[in-house]
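Structure data (mmCIF, C-alpha atoms) from entry.cif:
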```cif
data_start
#
loop_
_atom_site.label_atom_id
_atom_site.label_comp_id
_atom_site.auth_asym_id
_atom_site.auth_seq_id
_atom_site.Cartn_x
_atom_site.Cartn_y
_atom_site.Cartn_z
CA MET T 1 -77.36 -20.10 118.86
CA PHE T 2 -79.98 -22.44 117.41
CA PHE T 3 -83.31 -23.97 118.18
CA VAL T 4 -82.53 -27.65 117.46
CA LYS T 5 -85.36 -30.07 116.71
CA ARG T 6 -85.25 -33.71 115.71
CA GLY T 7 -87.64 -35.11 113.14
CA LYS T 8 -90.18 -37.89 113.46
CA THR T 9 -90.25 -41.39 112.02
CA LEU T 10 -92.03 -41.50 108.68
CA SER T 11 -93.59 -44.85 107.76
CA LEU T 12 -93.93 -45.93 104.13
CA GLU T 13 -97.70 -45.86 104.58
CA ASN T 14 -97.69 -42.26 105.85
CA LYS T 15 -95.29 -41.26 103.09
CA SER T 16 -97.94 -42.38 100.58
CA VAL T 17 -101.06 -41.24 102.43
CA TYR T 18 -99.66 -37.75 103.12
CA ALA T 19 -97.89 -37.17 99.79
CA GLY T 20 -97.86 -33.50 98.84
CA ASP T 21 -95.59 -30.65 97.79
CA ILE T 22 -93.74 -29.70 101.00
CA PRO T 23 -90.19 -31.11 101.22
CA CYS T 24 -89.44 -33.65 103.94
CA ILE T 25 -85.75 -33.71 104.84
CA ASN T 26 -83.90 -36.82 106.00
CA GLY T 27 -80.25 -37.97 106.17
CA SER T 28 -79.45 -37.75 102.47
CA SER T 29 -76.42 -35.91 101.10
CA GLU T 30 -78.18 -35.22 97.79
CA ASN T 31 -81.08 -33.10 96.57
CA ASN T 32 -80.75 -30.65 99.49
CA GLY T 33 -81.53 -33.53 101.86
CA VAL T 34 -85.05 -33.98 100.45
CA PHE T 35 -86.39 -37.48 101.06
CA CYS T 36 -89.95 -36.99 99.80
CA TYR T 37 -92.73 -34.42 99.61
CA LEU T 38 -95.61 -34.32 102.08
CA SER T 39 -98.86 -32.43 102.54
CA GLU T 40 -99.46 -30.14 105.48
CA ASN T 41 -101.95 -32.73 106.76
CA ILE T 42 -99.01 -34.78 108.10
CA THR T 43 -99.13 -32.45 111.11
CA GLU T 44 -102.01 -34.72 112.25
CA MET T 45 -99.32 -37.36 112.87
CA GLY T 46 -97.25 -34.99 115.02
CA PHE T 47 -94.93 -33.67 112.32
CA GLU T 48 -93.98 -30.01 112.73
CA LEU T 49 -93.77 -27.65 109.77
CA HIS T 50 -90.41 -25.86 110.07
CA ARG T 51 -90.24 -22.33 108.73
CA ALA T 52 -87.56 -21.18 106.32
CA PRO T 53 -84.89 -20.06 106.30
CA ALA T 54 -83.25 -22.74 108.41
CA LEU T 55 -80.64 -25.46 108.22
CA SER T 56 -81.21 -29.18 108.04
CA LEU T 57 -78.51 -31.44 109.42
CA ALA T 58 -78.20 -35.17 108.70
CA ARG T 59 -78.13 -37.17 111.92
CA VAL T 60 -77.12 -40.56 110.46
CA GLY T 61 -75.95 -41.77 107.09
CA ASN T 62 -74.23 -38.59 105.97
CA ALA T 63 -74.05 -37.40 109.55
CA GLY T 64 -73.16 -33.75 109.95
CA LYS T 65 -74.01 -32.71 106.39
CA THR T 66 -76.02 -29.48 106.39
CA PHE T 67 -78.28 -27.87 103.84
CA VAL T 68 -79.90 -24.46 103.78
CA GLN T 69 -83.67 -24.79 103.52
CA ASN T 70 -85.17 -21.81 101.74
CA SER T 71 -88.77 -23.01 101.84
CA ASP T 72 -90.84 -24.44 104.67
CA PHE T 73 -90.17 -28.13 105.32
CA PHE T 74 -90.73 -31.20 107.47
CA ILE T 75 -87.96 -33.23 109.14
CA ALA T 76 -87.88 -37.03 109.24
CA ASP T 77 -86.11 -38.96 112.00
CA ASN T 78 -82.63 -39.00 110.47
CA ALA T 79 -82.21 -35.23 110.50
CA PHE T 80 -82.38 -32.12 112.65
CA SER T 81 -83.78 -28.68 111.98
CA LEU T 82 -81.52 -25.81 113.08
CA THR T 83 -83.10 -22.37 113.26
CA LEU T 84 -81.11 -19.42 114.50
CA LYS T 85 -82.60 -17.87 117.62
CA GLU T 86 -82.04 -14.44 116.09
CA LYS T 87 -83.87 -14.12 112.74
CA GLN T 88 -81.42 -14.05 109.83
CA GLU T 89 -81.53 -14.26 106.05
CA ILE T 90 -80.29 -17.03 103.74
CA PRO T 91 -76.72 -15.65 103.25
CA VAL T 92 -76.05 -16.03 106.99
CA TYR T 93 -77.35 -19.61 106.90
CA LEU T 94 -75.08 -20.33 103.90
CA PHE T 95 -72.06 -19.04 105.81
CA ILE T 96 -72.87 -21.10 108.91
CA SER T 97 -73.66 -24.20 106.83
CA THR T 98 -70.20 -24.05 105.30
CA VAL T 99 -68.60 -23.80 108.75
CA LEU T 100 -70.73 -26.64 110.15
CA ASP T 101 -69.82 -28.88 107.20
CA LEU T 102 -66.21 -28.69 108.39
CA GLU T 103 -67.34 -30.63 111.48
CA THR T 104 -68.60 -33.68 109.51
CA ILE T 105 -65.32 -35.52 110.00
CA LYS T 106 -66.29 -36.00 113.67
CA TYR T 107 -69.26 -38.08 112.62
CA SER T 108 -67.70 -40.38 110.04
CA TYR T 109 -67.39 -44.14 110.44
CA GLY T 110 -70.99 -44.67 111.50
CA ARG T 111 -71.13 -42.19 114.36
CA THR T 112 -74.49 -40.51 114.76
CA ILE T 113 -75.30 -37.06 116.08
CA SER T 114 -77.51 -36.57 119.10
CA ILE T 115 -79.09 -33.30 120.16
CA GLU T 116 -76.67 -33.28 123.09
CA LYS T 117 -73.64 -33.61 120.78
CA MET T 118 -75.05 -30.92 118.54
CA LYS T 119 -75.49 -28.49 121.44
CA GLU T 120 -71.90 -29.16 122.58
CA THR T 121 -70.46 -28.39 119.14
CA ASN T 122 -68.41 -25.21 119.08
CA ILE T 123 -67.82 -23.50 115.77
CA LYS T 124 -65.71 -20.47 115.00
CA LEU T 125 -67.64 -17.57 113.51
CA PRO T 126 -66.78 -13.93 112.97
CA SER T 127 -67.70 -12.01 116.10
CA GLN T 128 -68.31 -8.50 117.25
CA LYS T 129 -66.26 -6.85 119.99
CA ASP T 130 -68.79 -8.07 122.58
CA GLY T 131 -68.22 -11.68 121.50
CA MET T 132 -71.60 -12.08 119.79
CA PRO T 133 -71.68 -13.49 116.23
CA ASP T 134 -71.25 -10.82 113.56
CA PHE T 135 -74.22 -11.73 111.35
CA ILE T 136 -73.84 -8.54 109.29
CA TYR T 137 -70.27 -9.50 108.35
CA MET T 138 -71.41 -13.04 107.41
CA GLU T 139 -74.23 -11.74 105.24
CA ASN T 140 -72.05 -9.14 103.52
CA TYR T 141 -69.28 -11.69 102.94
CA VAL T 142 -71.60 -14.14 101.17
CA LYS T 143 -73.18 -11.33 99.14
CA SER T 144 -69.69 -10.19 98.06
CA LEU T 145 -68.82 -13.55 96.48
CA SER T 146 -68.81 -13.98 92.73
CA TYR T 147 -72.17 -15.21 91.51
CA SER T 148 -73.82 -14.50 94.86
CA ASP T 149 -76.70 -12.98 92.93
CA ARG T 150 -77.58 -16.53 91.87
CA ILE T 151 -77.84 -17.90 95.39
#
```

Hey, can you dump this file as structure tokens for me?
Amino acid sequence: MFFVKRGKTLSLENKSVYAGDIPCINGSSENNGVFCYLSENITEMGFELHRAPALSLARVGNAGKTFVQNSDFFIADNAFSLTLKEKQEIPVYLFISTVLDLETIKYSYGRTISIEKMKETNIKLPSQKDGMPDFIYMENYVKSLSYSDRI
């Protein structure tokens, strides 16, 4: 369902040299996973700019915790970027983030998440008759919630 990409190691030196205004996501459970802010020039060091909307997923620390990223971002080494293969809007990502957060118990007690473990994770989502995820239902469900106009 997703393109899964792991982030790169960010040294303290590079964090300072490439400071900017683009969020860099790491394994934090606070502040939408934002670790620092970097300039687009960090791509010189091999960092990839991930396009929003997407999910970030903590790999260690708060392993399994997901956040919806609604602006372009970089990923540091303690997180993954999850982008749906079929383009979707933020409400769908919010729905899936909530479902994925139910899986965090698997990664407690110091367990980390690898790309292989991530790809083997099965989650239950609303589906169409052909078995494909029902993204329209997910989007409409989130939009129907109280205060969804503030999301």

Grab the CA of Thr83 in chain T to CA of Thr9 in chain T distance for me, in Å with one decimal place. 20.4 Å

Quick one: residues within 7 Å of range 132-148 of chain T, only C-alpha atoms counted, chain neighbours fewer than 6 positions away excluded, as a PDB file with C-alpha atoms, in the frame of the given file?
```pdb
ATOM      1  CA  PRO T  91     -76.720 -15.650 103.250  1.00  0.00           C
ATOM      2  CA  VAL T  92     -76.050 -16.030 106.990  1.00  0.00           C
ATOM      3  CA  PHE T  95     -72.060 -19.040 105.810  1.00  0.00           C
ATOM      4  CA  LEU T 125     -67.640 -17.570 113.510  1.00  0.00           C
ATOM      5  CA  PRO T 126     -66.780 -13.930 112.970  1.00  0.00           C
TER       6      PRO T 126
END
```

Report, in Å with one decimal, the straight-line distance from CA of Thr112 in chain T to CA of Arg6 in chain T.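 Pair CA of Thr112 in chain T / CA of Arg6 in chain T returns 12.8 Å.
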
May I ask for the distance between CA of Tyr18 in chain T and CA of Lys65 in chain T, given in Å to one decimal place?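 A separation of 26.3 Å between them.
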
Going by the chain IDs and residue numbers used in this file, which residues fall under the PyMOL selection byres ((chain T and resi 48) around 9)? Write them as a list of chain:residue names. T:Gly7, T:Lys8, T:Ile42, T:Thr43, T:Gly46, T:Phe47, T:Leu49, T:His50, T:Phe73, T:Phe74, T:Ile75

Of the listed residues T:Lys15, T:Lys119, T:Lys5, T:Arg59, that which approaches Thr104 in chain T most closely, counting all atoms listed in the file: T:Arg59

Here is a test: counting all atoms listed in the file, which residue of T:Leu55, T:Ala63, T:Ala19, T:Leu94 is nearest to Phe3 in chain T? T:Leu55

Reference answer for the PyMOL selection byres ((chain T and resi 117) around 12), as a short mmCIF file (atom, residue, chain, number, x, y, z; two decimals) with C-alpha atoms, in the frame of the given file:
```cif
data_model
loop_
_atom_site.label_atom_id
_atom_site.label_comp_id
_atom_site.auth_asym_id
_atom_site.auth_seq_id
_atom_site.Cartn_x
_atom_site.Cartn_y
_atom_site.Cartn_z
CA VAL T 4 -82.53 -27.65 117.46
CA ARG T 59 -78.13 -37.17 111.92
CA ALA T 63 -74.05 -37.40 109.55
CA GLY T 64 -73.16 -33.75 109.95
CA GLU T 103 -67.34 -30.63 111.48
CA LYS T 106 -66.29 -36.00 113.67
CA TYR T 107 -69.26 -38.08 112.62
CA ARG T 111 -71.13 -42.19 114.36
CA THR T 112 -74.49 -40.51 114.76
CA ILE T 113 -75.30 -37.06 116.08
CA SER T 114 -77.51 -36.57 119.10
CA ILE T 115 -79.09 -33.30 120.16
CA GLU T 116 -76.67 -33.28 123.09
CA MET T 118 -75.05 -30.92 118.54
CA LYS T 119 -75.49 -28.49 121.44
CA GLU T 120 -71.90 -29.16 122.58
CA THR T 121 -70.46 -28.39 119.14
CA ASN T 122 -68.41 -25.21 119.08
#
```

Using only C-alpha atoms, which of T:Ile25, T:Ala79, T:Cys36, T:Ile90 sits nearest Ala54 in chain T? T:Ile90

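With all atoms listed in the file as the basis for measurement, T:Leu38 is the residue among T:Phe2, T:Ser71, T:Asn32, T:Leu38 that approaches Ser16 in chain T most closely.
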
Nearest to Gln88 in chain T by atom-to-atom distance, counting all atoms listed in the file, from T:Ala52, T:Leu12, T:Glu44, T:Leu100: T:Ala52
